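Structure first, commentary second.
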Amino acid sequence: MGKTFQKPEALADTITHYCPGCTHGVAHRLVAEVIDELDIRGRTVGVAPVGCAVLMYNYFTFDFQEAAHGRAPAVATGIKRVRPDLVVFTYQGDGDLASIGMSEIVHAANRGEKFTVIFINNAVYGMTGGQMAPTTMPDQRTTTSPFGRKPAETGMPIKMSEMLAALQTPAYITRQTLLNPKYINKAKKAIKKAFTYQLEKTCFSFVELVSTCPTNWGMTPLDAINWAKEKMLPYFSLGVFKTPEEDESAANSSSAKK
Amino acid sequence: MGKVLMKGNEAIGEAAIRAGCLNYFAYPITPQSEVAEYLARRLPEAGGVFLQGESEVAVSYMIFGAAASGERVFTTSSSPGISLMSEGISYITAAQCPAVFVNIMRGGPGLGGILPSQADYMQSVKGGGHGDYKLLVMAPASVQEAVEMMMGAFSLAEKYRNPVMILGDGLIGQMMEPVEFPEHLKAKPSNKDEWATNGMETRKRNQRNLVKTLYLDPEELNSHNLMLKAKYDQMEKEDVRYEAYNVEGDYHVLIVSYGTMSRVCRTAIDNLKDQGVEVGMIRPQTLFPFPRTAIFDAAGKQSCRAVLCVEMSMGQMVEDVERSVLGRRPVHWYGKCGGEIPTPEEVMEEVKKLKS
C-alpha cells in the first residue's frame, strides 16, 4: 500500500507565518487539495488579499498576484475577463472583503464574474492587530471596540453570504466552517463545487468560512473554537444560500406562471 | 488607409485597437465618455474585451489584473477619475506591469468643471499616488499626435514594464481632426512570459510567476526602489521627446508650452513674427521625462531675455522649467485654468511685457 496521506502538490514546503490555532492553514490546505484533485495547478492564478493572508503566495506553488486592500475581486475580474481559460480565485478576510472591498465584491458577484472567492470570516482584523471588523459580533471586544461592539453605534455584523445571495444574478453562495473535522470535510466539498462551477463557466462562486483568530480574540485555540461555535454559528448560520440551478428553476417557474 | 475625420476621444480608442490592444476597462466621466461609448461597440466587433467597471478604483485594479496576466490593456478617464485610479496606478507601477492610462483633463480641484484644463500636470508627472514612482507621460497637441502617442504607448509600457500616461486636455478629446493610423506603430510581441501570472502551463519553463508589491525587508524594498529608479533614469536618457519651434534665428523670449496650449502659442509666435518680435518655443511631448537639456540650451541663447511658461494651470510646470533653465534666465508664467483657453492675443500681450 502506497502513501495514503501527503502534502498537496499545490502547497509549498514553507513554514507559514500564521499563529498557532489559526484556521488559515486548514483553509489553505483545502484549496490546495481541490486544485490538485481538479488538476488545474498549471492554469490557476490566485489573488492574495491584504490582511493575514497577504503572504499566502509563499505557501502555494502556482501563479499568484497580490491585490490592494479589498480590491481582489476587481483584480480577479481583470484577469478572468482577458484570460477566461485561467482558473482564478481570490482569498479574502472580513476586513478586506466586507469593509474596504464591499463595492468590489458586490459588483463582481452581480456581474456574475466566473471566478471563485474564499472568504475567511473570523470576526476581526487579524494582521493589523485585532481591530473591529464589519463581522465583529455584538459585545465582542476588539482593540477598537474595547468595551465590546455596540450595535447601536456600529451596526450589526454583516452577513455577506446572505447579502450576496440577495442579488438576482445566478451564483453559488455558501457558508461553511472549519471548526471540526466534519465541518472541514463539508467545507472542502463546497470549495470543490465552487471551483467546478467556475471550470464549467457557470457562475460566480463564493465560499464563506467561519474561522477563528485565537491571538486577537485573546483565547486558546480550543476556547476560540468553542466561542465561534457558541457565538458565531447561531448568527452566521451554515448552509447553501444560492445555487445557479435554483436560479434557473426560479426563472423557469416565474416564466411558467406567465 | 487614407485620412478619416474623427473626434479625439474616438480616435484614441481606435488607436489602441490598431496598436494591438483589445482590452479596455473604464468608468464614464466627462469629457471622455465617448471613448467608452465608441469601444462598447467597436471592441466586441474586433474580438476584444470591453467592461464598464463600478468605479475608477475598481477599474484601476481590473487594469492591474489584466496587465499582470500579460495582456495589453488600457483605460481612459478624466481628472477626478484619475485621482481615484491613483491607488491602483501606484500598485501597477510597483508590480512593474505595462498598461496605458489616458487622462483627458478637466478643470479642478474637486469637481472643478468639465472644460479643458492642464491642471493635472503635477499629479501625472510627479507621481499622484503613494510611494516613489513615475509614469512616462506624453502630451499630444493634436488628434493625430494623440493617435500616434497612443499607438506607441504600448511598446513603451512594455519596454519599461511601467504604466504610460497620455495626458490630453479636454480639447484633445472633444475636437475633430483628420487622422490616420500608421501601421508601423503597431506594438511588437511582449516579453510577458518572463513575468506575467498567465498560468504556469502556458509558459515554457515550469516555474510559477508572482506579481506583488509587498517587500517587508527594508533592504529588499530599497533595492526594489533603486531598480525602479534605474528605469526612470533610463527614460530620461532614451525617451525624451519635444518639438522646437522658431528657434533657428535669434529670439527674445522662449515659450515653454504643451498640448492644446502650445498650438495657441504657435499662432501667437507667428503673429508676433509679423510684428517683428521673435519668440522661440520648446514644446515638451513627454512631460516625464522632461526635455530639460533642450530647454536649458534654448533659454541660454544670447538673444533670449526671458522664459515664459504658458499652461492651463496655475503654473504647475514652472518648477520643471526652472530646474531646466537653472537660473540662466528669469522664468515667468501665464495661464488660465477655469476652462477657458488663453487666446493668441493674450499670449502676445504677455510676451510683449517681457520684451520691454
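In the C-alpha cells, chains take the letters A, B, ... in the order shown, each chain's residues start at 1, and ligands count up from 1 in the order shown.
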Residues of chain B near chain A: apply a cut-off of 10 Å, count only C-alpha atoms, and supply the list as a VMD selection string.
-> chain B and resid 22 to 25 48 to 51 53 to 55 57 to 73 87 to 88 91 to 92 95 196 to 203 206 to 214
May I have the residues within 9 Å of segment 270-274 of chain B as number ranges by chain, using only C-alpha atoms and disregarding those fewer than 5 positions away in the same chain?
-> B: 246, 265, 279, 344-345, 348, 351
Within 7 Å of Asp169 of chain B, counting only C-alpha atoms, which residues show up once you throw out same-chain ones fewer than 3 positions away? Write them as a PDB file with N, CA and C atoms, in the first residue's frame, please.
ATOM      1  N   ILE B 104      -7.961  62.647 -20.006  1.00  0.00           N
ATOM      2  CA  ILE B 104      -8.429  63.827 -20.756  1.00  0.00           C
ATOM      3  C   ILE B 104      -8.855  64.830 -19.693  1.00  0.00           C
ATOM      4  N   MET B 105      -7.922  65.743 -19.401  1.00  0.00           N
ATOM      5  CA  MET B 105      -8.064  66.593 -18.208  1.00  0.00           C
ATOM      6  C   MET B 105      -9.218  67.590 -18.272  1.00  0.00           C
ATOM      7  N   ARG B 106      -9.867  67.754 -17.124  1.00  0.00           N
ATOM      8  CA  ARG B 106     -10.854  68.805 -16.928  1.00  0.00           C
ATOM      9  C   ARG B 106     -10.390  69.666 -15.761  1.00  0.00           C
ATOM     10  N   PRO B 116     -11.717  72.201 -20.875  1.00  0.00           N
ATOM     11  CA  PRO B 116     -10.289  71.840 -20.966  1.00  0.00           C
ATOM     12  C   PRO B 116      -9.426  72.466 -19.872  1.00  0.00           C
ATOM     13  N   SER B 117      -8.421  71.719 -19.468  1.00  0.00           N
ATOM     14  CA  SER B 117      -7.533  72.162 -18.406  1.00  0.00           C
ATOM     15  C   SER B 117      -6.234  71.375 -18.523  1.00  0.00           C
ATOM     16  N   GLN B 118      -5.200  71.887 -17.879  1.00  0.00           N
ATOM     17  CA  GLN B 118      -3.949  71.135 -17.777  1.00  0.00           C
ATOM     18  C   GLN B 118      -3.527  71.078 -16.316  1.00  0.00           C
ATOM     19  N   ILE B 172      -8.414  68.053 -26.710  1.00  0.00           N
ATOM     20  CA  ILE B 172      -7.853  66.942 -27.494  1.00  0.00           C
ATOM     21  C   ILE B 172      -8.907  65.834 -27.637  1.00  0.00           C
ATOM     22  N   THR B 260      -2.757  71.461 -26.226  1.00  0.00           N
ATOM     23  CA  THR B 260      -3.541  72.457 -26.955  1.00  0.00           C
ATOM     24  C   THR B 260      -2.969  73.867 -26.764  1.00  0.00           C
TER      25      THR B 260
END
Residue list (strand (DSSP E), DSSP) for segment 115-316 of chain B, as an MDAnalysis selection string = chainID B and resid 136:138 164:169 176:179 210:211 242:245 253:256 279:284 286:288 306:310
Neighbours of Gln32 of chain B within 10 Å (only C-alpha atoms; same-chain residues fewer than 4 positions away dropped), as a PyMOL selection string?
-> chain B and resi 8-10+27-28+36-37+76-78+102-106+114+170+172-174
Could those selected residues go to a file with N, CA and C atoms, as a CSV table (one decimal), in the first residue's frame?
chain,number,residue,atom,x,y,z
B,8,GLY,N,-11.4,63.3,-31.2
B,8,GLY,CA,-10.2,62.8,-30.4
B,8,GLY,C,-10.4,61.6,-29.6
B,9,ASN,N,-11.5,61.6,-28.8
B,9,ASN,CA,-11.8,60.5,-27.9
B,9,ASN,C,-12.0,59.2,-28.7
B,10,GLU,N,-12.7,59.3,-29.8
B,10,GLU,CA,-12.9,58.0,-30.6
B,10,GLU,C,-11.6,57.6,-31.2
B,27,TYR,N,-14.8,53.7,-16.5
B,27,TYR,CA,-15.9,54.2,-15.8
B,27,TYR,C,-16.2,55.5,-16.5
B,28,PRO,N,-17.5,55.8,-16.8
B,28,PRO,CA,-17.8,57.1,-17.5
B,28,PRO,C,-17.5,58.3,-16.7
B,36,ALA,N,-15.4,55.3,-24.1
B,36,ALA,CA,-16.1,54.1,-23.7
B,36,ALA,C,-17.3,53.8,-24.7
B,37,GLU,N,-18.0,54.8,-25.1
B,37,GLU,CA,-19.1,54.6,-25.9
B,37,GLU,C,-18.7,54.0,-27.3
B,76,THR,N,-9.4,54.9,-20.0
B,76,THR,CA,-9.4,56.3,-20.2
B,76,THR,C,-10.2,56.9,-19.1
B,77,SER,N,-9.9,58.1,-18.6
B,77,SER,CA,-10.7,58.8,-17.6
B,77,SER,C,-10.4,60.3,-17.7
B,78,SER,N,-10.9,61.0,-16.7
B,78,SER,CA,-10.6,62.4,-16.6
B,78,SER,C,-10.3,62.7,-15.1
B,102,VAL,N,-5.2,57.0,-20.0
B,102,VAL,CA,-5.4,58.2,-20.7
B,102,VAL,C,-6.1,59.1,-19.8
B,103,ASN,N,-5.6,60.3,-19.6
B,103,ASN,CA,-6.3,61.4,-18.8
B,103,ASN,C,-6.7,62.5,-19.7
B,104,ILE,N,-8.0,62.6,-20.0
B,104,ILE,CA,-8.4,63.8,-20.8
B,104,ILE,C,-8.9,64.8,-19.7
B,105,MET,N,-7.9,65.7,-19.4
B,105,MET,CA,-8.1,66.6,-18.2
B,105,MET,C,-9.2,67.6,-18.3
B,106,ARG,N,-9.9,67.8,-17.1
B,106,ARG,CA,-10.9,68.8,-16.9
B,106,ARG,C,-10.4,69.7,-15.8
B,114,ILE,N,-15.9,71.0,-16.5
B,114,ILE,CA,-15.8,69.9,-17.5
B,114,ILE,C,-15.1,70.4,-18.7
B,170,GLY,N,-9.1,68.6,-22.3
B,170,GLY,CA,-10.4,68.3,-22.8
B,170,GLY,C,-10.6,68.5,-24.3
B,172,ILE,N,-8.4,68.1,-26.7
B,172,ILE,CA,-7.9,66.9,-27.5
B,172,ILE,C,-8.9,65.8,-27.6
B,173,GLY,N,-9.7,65.6,-26.6
B,173,GLY,CA,-10.7,64.6,-26.6
B,173,GLY,C,-11.9,65.0,-27.4
B,174,GLN,N,-12.2,66.3,-27.4
B,174,GLN,CA,-13.5,66.7,-27.9
B,174,GLN,C,-13.4,67.2,-29.4
Distance atom CA of Thr202 of chain A-atom CA of Phe115 of chain A, one decimal place?
->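 Calculated distance between atom CA of Thr202 of chain A and atom CA of Phe115 of chain A is 9.7 Å.
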Every residue of segment 36-194 of chain B that DSSP places in alpha helix (DSSP H), as number ranges by chain | B: 36-45, 56-68, 79-94, 121-125, 143-160, 170-174
Contacts of Pro189 of chain B at 12 Å or less, counting only C-alpha atoms, minus same-chain residues fewer than 2 places along, as a PyMOL selection string?
-> chain B and resi 19-21+70-72+154-155+158-159+186-187+191-193
Can I get the selected residues back with N, CA and C atoms, as a PDB file, in the first residue's frame?
ATOM      1  N   ALA B  19      -3.093  49.486 -32.468  1.00  0.00           N
ATOM      2  CA  ALA B  19      -1.763  49.175 -31.924  1.00  0.00           C
ATOM      3  C   ALA B  19      -1.692  47.730 -31.445  1.00  0.00           C
ATOM      4  N   GLY B  20      -2.859  47.091 -31.284  1.00  0.00           N
ATOM      5  CA  GLY B  20      -2.861  45.694 -30.855  1.00  0.00           C
ATOM      6  C   GLY B  20      -3.354  45.499 -29.435  1.00  0.00           C
ATOM      7  N   CYS B  21      -4.059  46.494 -28.889  1.00  0.00           N
ATOM      8  CA  CYS B  21      -4.619  46.338 -27.544  1.00  0.00           C
ATOM      9  C   CYS B  21      -6.127  46.152 -27.659  1.00  0.00           C
ATOM     10  N   GLY B  70      -0.491  39.540 -18.436  1.00  0.00           N
ATOM     11  CA  GLY B  70       0.324  39.652 -19.643  1.00  0.00           C
ATOM     12  C   GLY B  70      -0.412  40.151 -20.873  1.00  0.00           C
ATOM     13  N   GLU B  71      -1.672  40.555 -20.699  1.00  0.00           N
ATOM     14  CA  GLU B  71      -2.422  41.045 -21.851  1.00  0.00           C
ATOM     15  C   GLU B  71      -2.346  42.566 -21.921  1.00  0.00           C
ATOM     16  N   ARG B  72      -2.345  43.101 -23.154  1.00  0.00           N
ATOM     17  CA  ARG B  72      -2.339  44.569 -23.307  1.00  0.00           C
ATOM     18  C   ARG B  72      -3.675  45.114 -22.843  1.00  0.00           C
ATOM     19  N   PHE B 154       1.998  51.473 -25.997  1.00  0.00           N
ATOM     20  CA  PHE B 154       2.023  50.081 -25.541  1.00  0.00           C
ATOM     21  C   PHE B 154       3.444  49.513 -25.577  1.00  0.00           C
ATOM     22  N   SER B 155       4.166  49.835 -26.654  1.00  0.00           N
ATOM     23  CA  SER B 155       5.562  49.358 -26.738  1.00  0.00           C
ATOM     24  C   SER B 155       6.406  49.979 -25.636  1.00  0.00           C
ATOM     25  N   GLU B 158       5.666  48.359 -22.357  1.00  0.00           N
ATOM     26  CA  GLU B 158       6.266  47.020 -22.272  1.00  0.00           C
ATOM     27  C   GLU B 158       7.785  47.096 -22.181  1.00  0.00           C
ATOM     28  N   LYS B 159       8.369  48.110 -22.842  1.00  0.00           N
ATOM     29  CA  LYS B 159       9.823  48.299 -22.745  1.00  0.00           C
ATOM     30  C   LYS B 159      10.228  48.489 -21.282  1.00  0.00           C
ATOM     31  N   LYS B 186       2.268  49.718 -34.722  1.00  0.00           N
ATOM     32  CA  LYS B 186       1.692  48.519 -34.098  1.00  0.00           C
ATOM     33  C   LYS B 186       2.690  47.933 -33.089  1.00  0.00           C
ATOM     34  N   ALA B 187       2.198  47.586 -31.897  1.00  0.00           N
ATOM     35  CA  ALA B 187       3.109  47.099 -30.850  1.00  0.00           C
ATOM     36  C   ALA B 187       3.671  45.720 -31.207  1.00  0.00           C
ATOM     37  N   ASN B 191       7.291  40.595 -23.834  1.00  0.00           N
ATOM     38  CA  ASN B 191       8.124  39.571 -23.177  1.00  0.00           C
ATOM     39  C   ASN B 191       7.421  39.000 -21.940  1.00  0.00           C
ATOM     40  N   LYS B 192       6.097  38.914 -22.022  1.00  0.00           N
ATOM     41  CA  LYS B 192       5.294  38.623 -20.833  1.00  0.00           C
ATOM     42  C   LYS B 192       5.626  37.319 -20.111  1.00  0.00           C
ATOM     43  N   ASP B 193       6.096  36.309 -20.853  1.00  0.00           N
ATOM     44  CA  ASP B 193       6.311  35.018 -20.201  1.00  0.00           C
ATOM     45  C   ASP B 193       7.353  35.072 -19.082  1.00  0.00           C
TER      46      ASP B 193
END
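Using only C-alpha atoms, the contacts of Thr243 of chain A at a cut-off of 6 Å, with sequence neighbours closer than 3 positions omitted, comprise Ala171, Tyr172 and Glu246 of chain A.
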With C-alpha atoms retained, export the selected residues as a PDB file, in the first residue's frame.
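As a result, result_4.pdb now contains:
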ATOM      1  CA  ALA A 171     -24.331  32.299  -8.289  1.00  0.00           C
ATOM      2  CA  TYR A 172     -23.127  29.624  -5.916  1.00  0.00           C
ATOM      3  CA  GLU A 246     -32.173  27.157  -8.141  1.00  0.00           C
TER       4      GLU A 246
END
Spatial neighbours of segment 316-319 of chain B, max dist 7 Å, only C-alpha atoms, sep filter under 4 positions, as number ranges by chain = B: 121-122, 309, 323, 333
Check the smallest atom-to-atom distance from each of B:Gly259, B:Gly339, B:Gly300, B:Pro31 to Leu326 of chain B using only C-alpha atoms, then report the winner.
->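 Under the stated criterion, the closest residue is B:Gly300.
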At what distance in Å, to one decimal, does atom CA of Gly152 of chain B lie from atom CA of Val247 of chain B?
-> 27.1 Å
In Å, how far is it from atom CA of Leu84 of chain B to atom CA of Ile166 of chain B?
-> 16.7 Å
